[in-house]
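Notes for the one structure printed next.
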Amino acid sequence: MYMIRWITYCIIVAGLLSGCGKSQKLVDIGNEKQILHMANGDEISDLDPQATTGMPEWRVQLAVFEGLVARDPQTLKIVPAVAERWDVSEDGTKYRFYIRESAKWSNGDEITANDFVQSWRRSFLPALGNQYATSLYVVKNAQAFHEGKIDFTEVGVKAVEKRILDVELIAPTPYFLQLLAHHSAFAVHIPTIERFGAIDERGTKWTRPENFVGNGPFVPYEWIPTKYIAVKRNPYYWDAANTKLNEIKFYPIPKYTVEERMFRAGQLHITYYLPRDKLEYYKAKNDGVLRSFQNFATYFYRFNTTIKPLDDLRVRKALAYSVNRQQIVEYVTKFGQKPAYALTAPDPNSYVPEAKMPYDPDLARKLLAEAGFPDGKGFPKLTIAFNTNDEHRNVGMAIQQMWKKELGIEVGLENVEWKVFLDRERQLDYEIDRASWVGDYLDPFTFLEMFTTGNGNNKTGFTNAKYDQLIRASSLEADQVKRMGYFQEADKILVDEVPILPLYTYHWNRLVSNSVKNWYDNAVDYYSFKQIYLE
Amino acid sequence: MFMFIVRRVLQAIPVLFMVALVTFIMIRSAPGGPFDEDRAVPPEVIKNLNERYHLDDPLWKQFLDYISKVVQGDLGPSFKYPSHTVNDLIAAGLPATLELSFYALVFALVTGLTAGIIASLKTNSMQDYIPMSAAMIGICMPTFVLGPILLLIFGVWLGWLPVAGWGQIPGDKILPSITLGSVYAAYIARISRGGMLDILSQDYIRTARAKGLSTTRIVFVHALRGGITPVISFLGPAIAGLLAGSFVVETIFQIPGLGRFYVTAAFNRDYTMILGCTIFFAFLIILFNLLADVMLVWLNPKLRQELEARG
């Protein structure tokens, strides 16, 4: 009797719930109204292009700002943007940019060459603490100004006329235009910034949607932290006639499982990533929503070359030669990654490292014996440190097993909280640690510069005069063939000296609804939002 | 009663100060800082940032400066989200967290009390076993298990309710509220059953029955007030738990609440955000415990008399 009563209650509750009907799908509404709903990883810290460093910020900045040049998202080639054309001097050190007449800020103000001069000046002001300021040190005297030694009038950036900007470099920098497509070189609307505080003050309210002035195809209109940042068409954008979307909503969703579920339920057009265990499902489904592509990024281990026994090249080689990368990508990471045998991530259009760290367990054992540890006897117990993440742990465990099997040595694994991890790494307070590097622009320099002597990102104690000289030569050389030759040599030095153990090139998987058109996934996460439309 | 409230408020001040001090010492002794990133930040940039946020001052001075601002209601700028102050972020996240906690509490009270009262009327029968077993399952099942199960059934398979969001699509507040409230519903069911059983065995209830009153009247007019007293004293910590424990539900359902800021602030070493949230949550916990105590005194004449006797 009671059972029947309870079952009746349950049926009533189910009936009430079913009254809710099928929930509305944001994607369908979005398709009708040209509103793109996309997941954007973490919450953005700010919109100021000169005070941010992360990928989520970068994606929103691509919608609300535009540099002198942009990239074609399909080919990644440099294309005109705020500058409609430019000239380069024969020696490659002087650039003249012609700013298009129709270029305007989102409040209707004209964009002038002086806007770029003042914006770059701001990006070098020490108090602003722009973490990317050093990337524009290629501009003449920029470093000296950043260090407070000279006046800005001596820096190699000048507004010659209202719409003509001259830039002088310290050396021919073949990737200079690529630097200009990066957010740190974007122009900001100085009068707006000054209305809300000092020009070099971080975190003032100028980036709030109600105050914001930008120059991209979109302009923010609502920003609710941890909910979304929404942008709408900027009617003053020079190419507004060809901007197809009406709005974009960027959702900060740190959990990949949540965004995948939202995608399935029709609440998102594009996810940021994909949970690893869902890859096979979407591959089998084969309905065109899975996008799989290589990143310009390398996963590697750092060796602390300043401590025993890792100061011995033979030991580092033994450790490196006994790691089977193919097994790691095939059985551990299983996300489409490709084994990496050198530091620089390959870019098939320009540079693929020729040097290759071998997989040779016999040679590894021999080298370890020569170093005084035959069959691993007497080898001190080292520790692989990694920041909290299942994949880092799994890769660590695989390598731990490989070293035990091939070399007979025991290593420990240590899971370290992210900020503690960074702190220890900076102080060289580790033995072996997990690392990765994402290229800022498509040039090997973005990877190889890291291991020059004294570079803040070296963090291995590695120093090599020849290597430093090659990297320096590459930045002074205008001939691309010669430059690539220098990079090949530098990559080879890293392979020979083994301060690091390259493991794999990153691979990205994400879901993109079939209704999204003109969306091109690429190795450097660059998107042209004005071209995208929904169907 | 007034003196009781004043005394409790005065007691809260040193408690909040100690909470702030201990949190400050703990976060500042953790390695790493707010500006450490994977890409090494040039030392001159770190120096400039430290100067900007006065992180180069002696620690005691930083703490005193901070406290003097807190007293004026300013919780400082966020290091991770520089264009927002901690006040802004709390103000942005609090409405969703409060709303979620409120719905969860309503769900917990309605289902918990109903189940508890029904169960107490016929002990050791199916009417008792079924709701109490359900309550036991509710207590044992953590939100990070219940949430995805509910989502899978009602969001993905049946498509009745949205799978994430807050206030964007009709019905998107139902599943998170049930998920967060279910554990508390289960506790309330068990506590109210116990409370009701205690009262139902009292002489005055027997007298009411002997006078021929209906069960409904006995329950609602005579027994309920006394029977739910233990539930009231549970409410203070329960509300605090709902507010501070909403992080998991906020993450599962993509809710723009305060919990997410609080937890990520610790990972980001966003010093002011951690301190601000801790002080704010401590304040809420003290406030709700006080409210629960006041309600308890108001409902229980014996306690009221004791207080009056003490002056």
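Just so we're on the same page: first chain in the structure tokens is A, next is B, and so on; residues restart at 1 for each chain, and ligands are numbered from 1 in the order they show up.
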
> Which chain B residues are at most 8 Å from chain A (counting only C-alpha atoms), as a VMD selection string?
Replying inline: chain B and resid 30 to 33 36 to 42 44 to 46 48 to 49 52 80 to 84 89 92 to 93 126 to 127 155 to 156 159 to 165 169 to 171 251 to 257 260 267 to 269

Include N, CA and C atoms and write out the residues we just selected as a CSV table (one decimal), in the first residue's frame.
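Final output, saved to result.csv:
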chain,number,residue,atom,x,y,z
B,30,ALA,N,53.2,30.5,2.4
B,30,ALA,CA,53.2,29.6,1.3
B,30,ALA,C,54.2,30.0,0.2
B,31,PRO,N,55.0,29.1,-0.3
B,31,PRO,CA,56.0,29.5,-1.4
B,31,PRO,C,55.3,30.0,-2.6
B,32,GLY,N,56.0,30.8,-3.4
B,32,GLY,CA,55.4,31.3,-4.6
B,32,GLY,C,54.6,32.6,-4.4
B,33,GLY,N,54.4,33.4,-5.4
B,33,GLY,CA,53.7,34.7,-5.2
B,33,GLY,C,52.7,34.9,-6.3
B,36,ASP,N,54.1,35.0,-10.1
B,36,ASP,CA,54.9,33.9,-10.6
B,36,ASP,C,54.1,33.2,-11.8
B,37,GLU,N,54.8,33.1,-12.9
B,37,GLU,CA,54.1,32.4,-14.0
B,37,GLU,C,55.1,31.5,-14.7
B,38,ASP,N,54.5,30.6,-15.5
B,38,ASP,CA,55.3,29.6,-16.2
B,38,ASP,C,56.5,30.3,-17.0
B,39,ARG,N,56.1,31.3,-17.7
B,39,ARG,CA,57.1,32.1,-18.3
B,39,ARG,C,57.8,33.1,-17.3
B,40,ALA,N,59.1,33.0,-17.2
B,40,ALA,CA,59.7,33.8,-16.1
B,40,ALA,C,59.4,35.2,-16.4
B,41,VAL,N,59.0,35.9,-15.3
B,41,VAL,CA,58.7,37.3,-15.5
B,41,VAL,C,60.0,38.1,-15.1
B,42,PRO,N,60.5,39.0,-16.0
B,42,PRO,CA,61.7,39.7,-15.7
B,42,PRO,C,61.7,40.3,-14.3
B,44,GLU,N,62.8,43.0,-13.0
B,44,GLU,CA,62.4,44.4,-12.9
B,44,GLU,C,60.9,44.5,-13.0
B,45,VAL,N,60.3,43.6,-13.7
B,45,VAL,CA,58.8,43.7,-13.8
B,45,VAL,C,58.2,43.3,-12.4
B,46,ILE,N,58.8,42.2,-11.9
B,46,ILE,CA,58.3,41.7,-10.5
B,46,ILE,C,58.5,42.9,-9.5
B,48,ASN,N,58.6,46.1,-10.0
B,48,ASN,CA,57.6,47.1,-10.3
B,48,ASN,C,56.2,46.7,-9.7
B,49,LEU,N,55.8,45.4,-10.0
B,49,LEU,CA,54.5,45.0,-9.5
B,49,LEU,C,54.5,44.9,-8.0
B,52,ARG,N,54.0,48.4,-6.8
B,52,ARG,CA,52.6,48.9,-7.1
B,52,ARG,C,51.6,48.4,-6.0
B,80,LYS,N,45.0,38.8,-9.3
B,80,LYS,CA,44.8,38.0,-10.5
B,80,LYS,C,43.9,38.7,-11.5
B,81,TYR,N,42.9,39.4,-11.0
B,81,TYR,CA,42.0,40.2,-11.8
B,81,TYR,C,42.1,41.7,-11.6
B,82,PRO,N,43.2,42.3,-12.1
B,82,PRO,CA,43.6,43.6,-11.6
B,82,PRO,C,42.5,44.7,-11.9
B,83,SER,N,41.6,44.4,-12.9
B,83,SER,CA,40.7,45.5,-13.2
B,83,SER,C,39.5,45.4,-12.2
B,84,HIS,N,39.5,44.4,-11.3
B,84,HIS,CA,38.4,44.3,-10.3
B,84,HIS,C,39.0,44.4,-8.9
B,89,LEU,N,34.4,41.7,-6.9
B,89,LEU,CA,34.3,40.3,-7.3
B,89,LEU,C,33.3,39.6,-6.3
B,92,ALA,N,30.0,40.6,-7.3
B,92,ALA,CA,29.6,39.9,-8.5
B,92,ALA,C,29.2,38.4,-8.3
B,93,GLY,N,30.0,37.8,-7.4
B,93,GLY,CA,29.7,36.3,-7.2
B,93,GLY,C,28.7,36.0,-6.1
B,126,MET,N,7.1,0.8,6.6
B,126,MET,CA,7.7,1.3,5.3
B,126,MET,C,7.7,2.8,5.2
B,127,GLN,N,6.7,3.4,5.8
B,127,GLN,CA,6.6,4.9,5.8
B,127,GLN,C,7.8,5.5,6.5
B,155,GLY,N,19.4,16.2,-17.8
B,155,GLY,CA,20.0,17.1,-18.8
B,155,GLY,C,20.3,16.5,-20.1
B,156,VAL,N,21.0,15.4,-20.1
B,156,VAL,CA,21.5,14.8,-21.3
B,156,VAL,C,20.6,13.8,-21.9
B,159,GLY,N,16.8,15.5,-21.6
B,159,GLY,CA,16.8,16.8,-22.2
B,159,GLY,C,15.8,17.7,-21.6
B,160,TRP,N,15.3,17.5,-20.3
B,160,TRP,CA,14.3,18.3,-19.7
B,160,TRP,C,14.9,19.6,-19.2
B,161,LEU,N,16.1,19.5,-18.6
B,161,LEU,CA,16.7,20.7,-17.9
B,161,LEU,C,18.0,21.0,-18.5
B,162,PRO,N,18.4,22.3,-18.4
B,162,PRO,CA,19.7,22.7,-19.0
B,162,PRO,C,20.9,22.0,-18.2
B,163,VAL,N,22.0,21.8,-18.8
B,163,VAL,CA,23.1,21.1,-18.1
B,163,VAL,C,24.1,22.0,-17.4
B,164,ALA,N,24.0,23.3,-17.7
B,164,ALA,CA,24.8,24.3,-17.0
B,164,ALA,C,24.3,25.7,-17.2
B,165,GLY,N,24.9,26.6,-16.4
B,165,GLY,CA,24.4,28.0,-16.5
B,165,GLY,C,23.6,28.4,-15.3
B,169,ILE,N,18.9,30.1,-19.1
B,169,ILE,CA,17.9,29.3,-19.7
B,169,ILE,C,16.8,28.9,-18.6
B,170,PRO,N,15.5,29.0,-18.9
B,170,PRO,CA,14.6,28.6,-17.9
B,170,PRO,C,14.9,27.2,-17.4
B,171,GLY,N,14.8,27.1,-16.1
B,171,GLY,CA,15.0,25.8,-15.5
B,171,GLY,C,16.4,25.5,-15.1
B,251,THR,N,31.1,24.6,-9.8
B,251,THR,CA,32.0,24.1,-10.8
B,251,THR,C,31.2,23.2,-11.8
B,252,ILE,N,30.5,22.2,-11.2
B,252,ILE,CA,29.8,21.2,-12.0
B,252,ILE,C,28.8,21.9,-12.9
B,253,PHE,N,28.1,22.9,-12.4
B,253,PHE,CA,27.0,23.5,-13.2
B,253,PHE,C,27.4,24.9,-13.8
B,254,GLN,N,28.7,25.2,-13.7
B,254,GLN,CA,29.1,26.5,-14.3
B,254,GLN,C,28.3,27.7,-13.8
B,255,ILE,N,28.3,27.8,-12.5
B,255,ILE,CA,27.5,28.9,-11.9
B,255,ILE,C,28.5,30.0,-11.5
B,256,PRO,N,28.2,31.3,-11.9
B,256,PRO,CA,29.2,32.4,-11.6
B,256,PRO,C,29.1,32.8,-10.1
B,257,GLY,N,29.4,31.9,-9.2
B,257,GLY,CA,29.3,32.3,-7.8
B,257,GLY,C,30.7,32.6,-7.2
B,260,ARG,N,33.9,29.7,-6.6
B,260,ARG,CA,35.0,29.5,-7.6
B,260,ARG,C,36.1,30.4,-7.4
B,267,PHE,N,45.0,29.0,-5.4
B,267,PHE,CA,46.0,28.5,-6.3
B,267,PHE,C,46.7,29.7,-7.0
B,268,ASN,N,46.0,30.8,-7.2
B,268,ASN,CA,46.7,32.0,-7.8
B,268,ASN,C,47.5,32.8,-6.9
B,269,ARG,N,47.5,32.5,-5.6
B,269,ARG,CA,48.1,33.3,-4.6
B,269,ARG,C,47.6,34.8,-4.7

If we count only C-alpha atoms and set the cut-off at 9 Å, which residues sit around segment 289-293 of chain B, ignoring sequence neighbours fewer than 5 positions away in its own chain? Please answer as a tab-separated table (two decimals) with N, CA and C atoms, in the first residue's frame.
chain	number	residue	atom	x	y	z
B	5	ILE	N	22.49	39.77	22.08
B	5	ILE	CA	22.93	40.04	20.71
B	5	ILE	C	24.18	40.93	20.72
B	8	ARG	N	27.22	38.97	21.68
B	8	ARG	CA	27.68	38.09	20.59
B	8	ARG	C	28.39	38.90	19.48
B	9	VAL	N	27.87	40.08	19.19
B	9	VAL	CA	28.49	40.91	18.15
B	9	VAL	C	29.90	41.33	18.61
B	232	ILE	N	16.31	23.81	13.78
B	232	ILE	CA	16.69	25.24	13.81
B	232	ILE	C	18.16	25.39	14.21
B	233	SER	N	18.56	24.65	15.25
B	233	SER	CA	19.95	24.81	15.67
B	233	SER	C	20.91	24.26	14.62
B	234	PHE	N	20.40	23.35	13.79
B	234	PHE	CA	21.24	22.82	12.70
B	234	PHE	C	21.36	23.83	11.55
B	235	LEU	N	20.35	24.74	11.46
B	235	LEU	CA	20.30	25.64	10.31
B	235	LEU	C	21.51	26.59	10.21
B	236	GLY	N	21.96	27.10	11.37
B	236	GLY	CA	23.10	28.03	11.36
B	236	GLY	C	24.29	27.44	10.64
B	237	PRO	N	24.85	26.33	11.17
B	237	PRO	CA	25.97	25.71	10.47
B	237	PRO	C	25.60	25.24	9.07
B	239	ILE	N	23.54	26.66	6.87
B	239	ILE	CA	23.59	27.77	5.91
B	239	ILE	C	25.03	28.14	5.61
B	240	ALA	N	25.85	28.17	6.67
B	240	ALA	CA	27.27	28.46	6.46
B	240	ALA	C	27.88	27.42	5.54
B	284	LEU	N	29.84	35.79	7.51
B	284	LEU	CA	28.54	35.17	7.24
B	284	LEU	C	28.25	34.04	8.22
B	298	TRP	N	14.00	32.45	20.71
B	298	TRP	CA	12.64	32.95	20.47
B	298	TRP	C	11.63	31.79	20.49

> Can you list, as a PyMOL selection string, every residue of segment 170-219 of chain B that DSSP puts in alpha helix (DSSP H)?
Replying inline: chain B and resi 174-200+203-210+215-217

>> Just want the 10 Å neighbourhood of segment 192-205 of chain B, counted on only C-alpha atoms, with same-chain residues fewer than 6 positions away dropped. Output as a ChimeraX atom specification.
In response: /B:109,112-123,128,132,186,211,213,218-219,222-232

>> Report as a VMD selection string all protein, DNA and RNA residues lying within 8 Å of Val248 of chain B, evaluated on only C-alpha atoms, omitting residues in the same chain fewer than 4 positions from it.
In response: chain B and resid 143 to 144 252 259

Selection to disk with C-alpha atoms, as a PDB file, in the first residue's frame:
ATOM      1  CA  THR B 143      27.571  16.439  -4.543  1.00  0.00           C
ATOM      2  CA  PHE B 144      30.240  15.641  -7.115  1.00  0.00           C
ATOM      3  CA  ILE B 252      29.788  21.233 -11.995  1.00  0.00           C
ATOM      4  CA  GLY B 259      33.022  29.660  -4.389  1.00  0.00           C
TER       5      GLY B 259
END

Please report, as a tab-separated table, each residue of segment 65-149 of chain A lying at most 6 Å from segment 186-189 of chain A, together with the nearest pair of atoms and the separation in Å rounded to one decimal; use only C-alpha atoms, and order rows by chain and ascending residue number.
residue	atom	partner	partner_atom	distance
A:Gly67	CA	A:Phe186	CA	4.6
A:Phe116	CA	A:Ala187	CA	5.2
A:Ser119	CA	A:Ala187	CA	5.2

>> Using DSSP secondary structure from the backbone, list all strand (DSSP E or B) positions within segment 394-423 of chain A, as a VMD selection string.
In response: chain A and resid 411 to 416

Give me a file of those residues, with N, CA and C atoms, as a PDB file, in the first residue's frame.
ATOM      1  N   VAL A 411      63.557   6.225  -9.523  1.00  0.00           N
ATOM      2  CA  VAL A 411      63.312   7.666  -9.340  1.00  0.00           C
ATOM      3  C   VAL A 411      61.959   7.830  -8.665  1.00  0.00           C
ATOM      4  N   GLY A 412      61.840   8.910  -7.924  1.00  0.00           N
ATOM      5  CA  GLY A 412      60.572   9.180  -7.245  1.00  0.00           C
ATOM      6  C   GLY A 412      59.762  10.185  -8.053  1.00  0.00           C
ATOM      7  N   LEU A 413      58.467  10.257  -7.758  1.00  0.00           N
ATOM      8  CA  LEU A 413      57.608  11.249  -8.395  1.00  0.00           C
ATOM      9  C   LEU A 413      57.092  12.177  -7.310  1.00  0.00           C
ATOM     10  N   GLU A 414      57.084  13.466  -7.607  1.00  0.00           N
ATOM     11  CA  GLU A 414      56.567  14.393  -6.609  1.00  0.00           C
ATOM     12  C   GLU A 414      55.574  15.370  -7.233  1.00  0.00           C
ATOM     13  N   ASN A 415      54.374  15.301  -6.725  1.00  0.00           N
ATOM     14  CA  ASN A 415      53.332  16.205  -7.198  1.00  0.00           C
ATOM     15  C   ASN A 415      53.449  17.511  -6.406  1.00  0.00           C
ATOM     16  N   VAL A 416      53.653  18.612  -7.130  1.00  0.00           N
ATOM     17  CA  VAL A 416      53.884  19.876  -6.430  1.00  0.00           C
ATOM     18  C   VAL A 416      52.849  20.908  -6.871  1.00  0.00           C
TER      19      VAL A 416
END

> Using only C-alpha atoms, which residue out of B:Gln62, B:Ser78, B:Gln11, B:Thr216 lies closest to Thr272 of chain B?
Replying inline: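 The shortest atom-to-atom distance to Thr272 of chain B comes from B:Ser78.
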